[in-house]
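Asker: To start, I am sharing the structure in question, which I have written as structure tokens.
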Amino acid sequence: MARKGWCVAVNERINKLYTLMDTEALDVIFITLPKLVYYFTGFYSDPHERFMALVCPKGEEPFLVVPLLDQEKAARVSSVGTIVAHSDTENPYELVKRHLPGLTARIGIQAEHMNVKRYRALMEVTGAQQAIHLDDQISQFRVIKSSEEIAVIRRAIHCIEEAVKETVSLVKPGVTEVELVAELEYRMKRLGAEGPSFDTMVLTGEKTGLPHGIPGTDRVREGDFLLIDAGVFIDGYASDLTRTFAVGDISDQRKEIYAAVLAANEAMIRAVRPGVTFGSLDHAARSVIADRGYGEAFITRAGHGFGLEIHEYPSIHGLNEDLLREGMVFTAEPGIYISGLGGVRIEDNVVVTKDGAEVLTSYPKQLTVIGV
């Protein structure tokens with residue numbers, strides 16, 4: 001997954017960790033989330049139950065602890081030169097202890113990823129008296145995407161848009177949701193994706209009114225909505241696209257709902273610019289839907305950040321008073337969800353620019369009739 005030029009970026013990122021170590025008066029930082037290990041080293045692996053960590057001791061060079069089966073790959077692609085590998089019969093925490101210098105009083109961890117067993121093991125082998133949670137600080141490192149990161153996200157977006165385009169051409173009354181999921185995920189891989197960035201969602205009929213519905217054997221019917229929410233990983237970075245389609249002729253109410261969501265999506269994007277709050281974006285979308293009489297049916301937040309993970313900071317809701325900054329990447333995805341009728345979500349991927357927003361997604365948003 002490592003790319004040319006990546007080492008320069010990750011070395012700068014590791015330097016930020018050492019600065020954070022000084023700021024927080026830490027003796028060592030453990031980076032254990034696989035996606036964060038990739039962010040800071042250029043090496044990615046899913047170790048499953050095995051222990052893997054980037055370890056940054058104060059005043060010492062960082063080292064990477066990996067399962068033995070990943071040693072060769074880590075040595076080849078990681079910007080960190082010291083690789084400490086452990087077999088399945090070794091205690092990885094004892095290896096960590098042998099490579100740490102001196103006494104350790106305060107360690108830095110990612111609380112959102114750390115389970116209790118791992119936390120206790122690290123506290124025991126380091127002898128630390130206190131663990132500082134670094135989730136918020138590290139999320140701030142990642143929130144401003146570099147031009148290289150945005151270029152990769154563009155590729156991930158192009159991949160899912162092409163996959164959706166090909167799959168939509170196969171839609172016809174009678175095809176099931178899971179059949180369309182299978183077709184879509186096959187096309188993702190064929191177009192170069194590492195895999196879906198989340199569980200692919202294809203919903204039809206009343207199930208489109210479920211923001212997190214699960215595809216099943218429901219069949220596409222004429223007169224219904226068909227909602228596709230899907231994304232891919234390319235070089236570790238995600239995309240996230242939702243489009244809602246009309247299968248044949250739909251009712252006037254469904255057309256009205258679609259028009260309200262489209263207007264809300266466009267209003268939210270127009271509101272994007274550096275210095276405004278995320279809450280104001282939510283308000284821009286929500287007020288449009290409320291003015292059209294569907295305020296109570298907008299039951300989700302208006303969007304979320306994404307990058308190495310499909311859900312990253314920020315969460316775009318009405319109470320978020322944090323300010324937009326140039327280089328932030330997030331989704332704009334207002335929706336209306338009505339039990340017994342169905343729903344509409346239109347989701348774009350947006351980057352904050354100096355003067356406003358650039359919409360990275362290009363898949364058409366006007367109501368499109370398919371399956372006839």
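Chain lettering (A, B, ...) mirrors the order of the structure tokens, residue numbering begins at 1 for each chain separately, and ligand numbering begins at 1 in order of display.
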Show which residues sit within 6 Å of range 55-67 of chain A, as a VMD selection string. Count only C-alpha atoms, and ignore same-chain residues fewer than 5 positions away.
Answerer: chain A and resid 27 to 30 82 to 86
Asker: Can those selected residues be exported to a file as a JSON list (two decimals), in the first residue's frame so that it contains N, CA, C and O atoms?
Answerer:
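again_35.json, freshly written:
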```json
[["chain", "number", "residue", "atom", "x", "y", "z"],
["A", 27, "ASP", "N", 6.49, 9.74, 28.17],
["A", 27, "ASP", "CA", 7.74, 9.01, 28.04],
["A", 27, "ASP", "C", 7.75, 8.11, 26.81],
["A", 27, "ASP", "O", 8.82, 7.78, 26.28],
["A", 28, "VAL", "N", 6.59, 7.71, 26.34],
["A", 28, "VAL", "CA", 6.50, 6.88, 25.14],
["A", 28, "VAL", "C", 5.08, 6.98, 24.59],
["A", 28, "VAL", "O", 4.12, 7.14, 25.35],
["A", 29, "ILE", "N", 4.96, 6.92, 23.27],
["A", 29, "ILE", "CA", 3.66, 6.89, 22.61],
["A", 29, "ILE", "C", 3.53, 5.56, 21.87],
["A", 29, "ILE", "O", 4.46, 5.13, 21.17],
["A", 30, "PHE", "N", 2.38, 4.92, 22.04],
["A", 30, "PHE", "CA", 2.06, 3.69, 21.32],
["A", 30, "PHE", "C", 0.96, 3.98, 20.31],
["A", 30, "PHE", "O", -0.13, 4.42, 20.68],
["A", 82, "THR", "N", 13.76, 0.37, 12.35],
["A", 82, "THR", "CA", 13.87, -0.73, 13.31],
["A", 82, "THR", "C", 12.56, -1.49, 13.39],
["A", 82, "THR", "O", 11.53, -0.94, 13.80],
["A", 83, "ILE", "N", 12.61, -2.75, 13.00],
["A", 83, "ILE", "CA", 11.43, -3.61, 13.02],
["A", 83, "ILE", "C", 11.66, -4.68, 14.08],
["A", 83, "ILE", "O", 12.66, -5.40, 14.05],
["A", 84, "VAL", "N", 10.75, -4.79, 15.02],
["A", 84, "VAL", "CA", 10.80, -5.82, 16.06],
["A", 84, "VAL", "C", 9.66, -6.80, 15.78],
["A", 84, "VAL", "O", 8.48, -6.43, 15.88],
["A", 85, "ALA", "N", 10.01, -8.02, 15.41],
["A", 85, "ALA", "CA", 9.00, -9.00, 15.01],
["A", 85, "ALA", "C", 8.83, -10.06, 16.10],
["A", 85, "ALA", "O", 9.80, -10.45, 16.76],
["A", 86, "HIS", "N", 7.60, -10.52, 16.26],
["A", 86, "HIS", "CA", 7.33, -11.56, 17.26],
["A", 86, "HIS", "C", 6.56, -12.70, 16.62],
["A", 86, "HIS", "O", 5.67, -12.50, 15.79]]
```
Asker: Excluding Val171 in chain A and any residue of its chain fewer than 2 positions from it, enumerate the residues within 6 Å of it, using only C-alpha atoms, and give them as a ChimeraX atom specification.
Answerer: /A:168-169,371
Asker: Print the selection's residues with N, CA, C and O atoms to a file, as a PDB file, in the first residue's frame.
Answerer:
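This went into again_35.pdb:
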```
ATOM      1  N   VAL A 168     -25.832   0.345 -11.981  1.00  0.00           N
ATOM      2  CA  VAL A 168     -27.160   0.910 -12.227  1.00  0.00           C
ATOM      3  C   VAL A 168     -27.707   0.442 -13.573  1.00  0.00           C
ATOM      4  O   VAL A 168     -28.930   0.240 -13.731  1.00  0.00           O
ATOM      5  N   SER A 169     -26.843   0.211 -14.525  1.00  0.00           N
ATOM      6  CA  SER A 169     -27.297  -0.247 -15.845  1.00  0.00           C
ATOM      7  C   SER A 169     -27.912  -1.642 -15.791  1.00  0.00           C
ATOM      8  O   SER A 169     -28.595  -2.060 -16.731  1.00  0.00           O
ATOM      9  N   GLY A 371     -34.172   1.362 -14.602  1.00  0.00           N
ATOM     10  CA  GLY A 371     -34.885   0.090 -14.542  1.00  0.00           C
ATOM     11  C   GLY A 371     -36.060  -0.039 -15.476  1.00  0.00           C
ATOM     12  O   GLY A 371     -36.908  -0.913 -15.305  1.00  0.00           O
TER      13      GLY A 371
END
```
Asker: Using only C-alpha atoms, I'd like a table of the residues in range 176-220 of chain A that come within 8 Å of range 149-166 of chain A; for each, show the closest atom pair and its distance in Å rounded to one decimal, ordered by chain and ascending number, as a Markdown table.
Answerer:
```
| residue | atom | partner | partner_atom | distance |
| --- | --- | --- | --- | --- |
| A:Leu184 | CA | A:Ala163 | CA | 6.0 |
| A:Glu185 | CA | A:Ala163 | CA | 7.9 |
| A:Arg187 | CA | A:Ala163 | CA | 5.3 |
| A:Met188 | CA | A:Ala163 | CA | 5.6 |
| A:Leu191 | CA | A:Cys159 | CA | 6.2 |
| A:Gly192 | CA | A:Cys159 | CA | 7.3 |
| A:Ala193 | CA | A:Cys159 | CA | 7.0 |
```
Asker: Selection from above, N, CA, C and O atoms, as a PDB file, in the first residue's frame, can you write it?
Answerer:
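Produced file out.pdb, reproduced below:
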```
ATOM      1  N   LEU A 184     -22.079  -4.791  -7.557  1.00  0.00           N
ATOM      2  CA  LEU A 184     -21.358  -3.561  -7.256  1.00  0.00           C
ATOM      3  C   LEU A 184     -19.984  -3.863  -6.673  1.00  0.00           C
ATOM      4  O   LEU A 184     -18.975  -3.255  -7.087  1.00  0.00           O
ATOM      5  N   GLU A 185     -19.896  -4.802  -5.752  1.00  0.00           N
ATOM      6  CA  GLU A 185     -18.609  -5.105  -5.123  1.00  0.00           C
ATOM      7  C   GLU A 185     -17.668  -5.814  -6.098  1.00  0.00           C
ATOM      8  O   GLU A 185     -16.445  -5.635  -6.022  1.00  0.00           O
ATOM      9  N   ARG A 187     -17.534  -5.098  -9.259  1.00  0.00           N
ATOM     10  CA  ARG A 187     -17.024  -4.016 -10.103  1.00  0.00           C
ATOM     11  C   ARG A 187     -16.026  -3.131  -9.365  1.00  0.00           C
ATOM     12  O   ARG A 187     -15.074  -2.626  -9.960  1.00  0.00           O
ATOM     13  N   MET A 188     -16.236  -2.929  -8.070  1.00  0.00           N
ATOM     14  CA  MET A 188     -15.237  -2.195  -7.286  1.00  0.00           C
ATOM     15  C   MET A 188     -13.857  -2.823  -7.440  1.00  0.00           C
ATOM     16  O   MET A 188     -12.871  -2.132  -7.725  1.00  0.00           O
ATOM     17  N   LEU A 191     -12.267  -2.592 -10.830  1.00  0.00           N
ATOM     18  CA  LEU A 191     -11.809  -1.240 -11.144  1.00  0.00           C
ATOM     19  C   LEU A 191     -10.625  -0.794 -10.288  1.00  0.00           C
ATOM     20  O   LEU A 191     -10.187   0.342 -10.386  1.00  0.00           O
ATOM     21  N   GLY A 192     -10.123  -1.688  -9.425  1.00  0.00           N
ATOM     22  CA  GLY A 192      -8.895  -1.389  -8.698  1.00  0.00           C
ATOM     23  C   GLY A 192      -9.027  -1.130  -7.219  1.00  0.00           C
ATOM     24  O   GLY A 192      -8.039  -0.786  -6.563  1.00  0.00           O
ATOM     25  N   ALA A 193     -10.222  -1.284  -6.649  1.00  0.00           N
ATOM     26  CA  ALA A 193     -10.394  -1.042  -5.224  1.00  0.00           C
ATOM     27  C   ALA A 193      -9.771  -2.156  -4.399  1.00  0.00           C
ATOM     28  O   ALA A 193      -9.740  -3.321  -4.811  1.00  0.00           O
TER      29      ALA A 193
END
```
Asker: Quick one: residues within 7 Å of range 273-279 of chain A, only C-alpha atoms counted, chain neighbours fewer than 2 positions away excluded, as JSON, numbers by chain?
Answerer: {"A": [271, 281, 282, 283, 316, 317, 318, 319, 320, 321, 322, 323, 324, 325, 326, 352, 353, 354, 355, 356, 357]}
Asker: Could you name the residues that touch Ser197 in chain A at 10 Å or less, counting only C-alpha atoms, but leaving out those on the same chain fewer than 5 positions away, as an MDAnalysis selection string?
Answerer: chainID A and resid 156 230:234 236:240 308:311
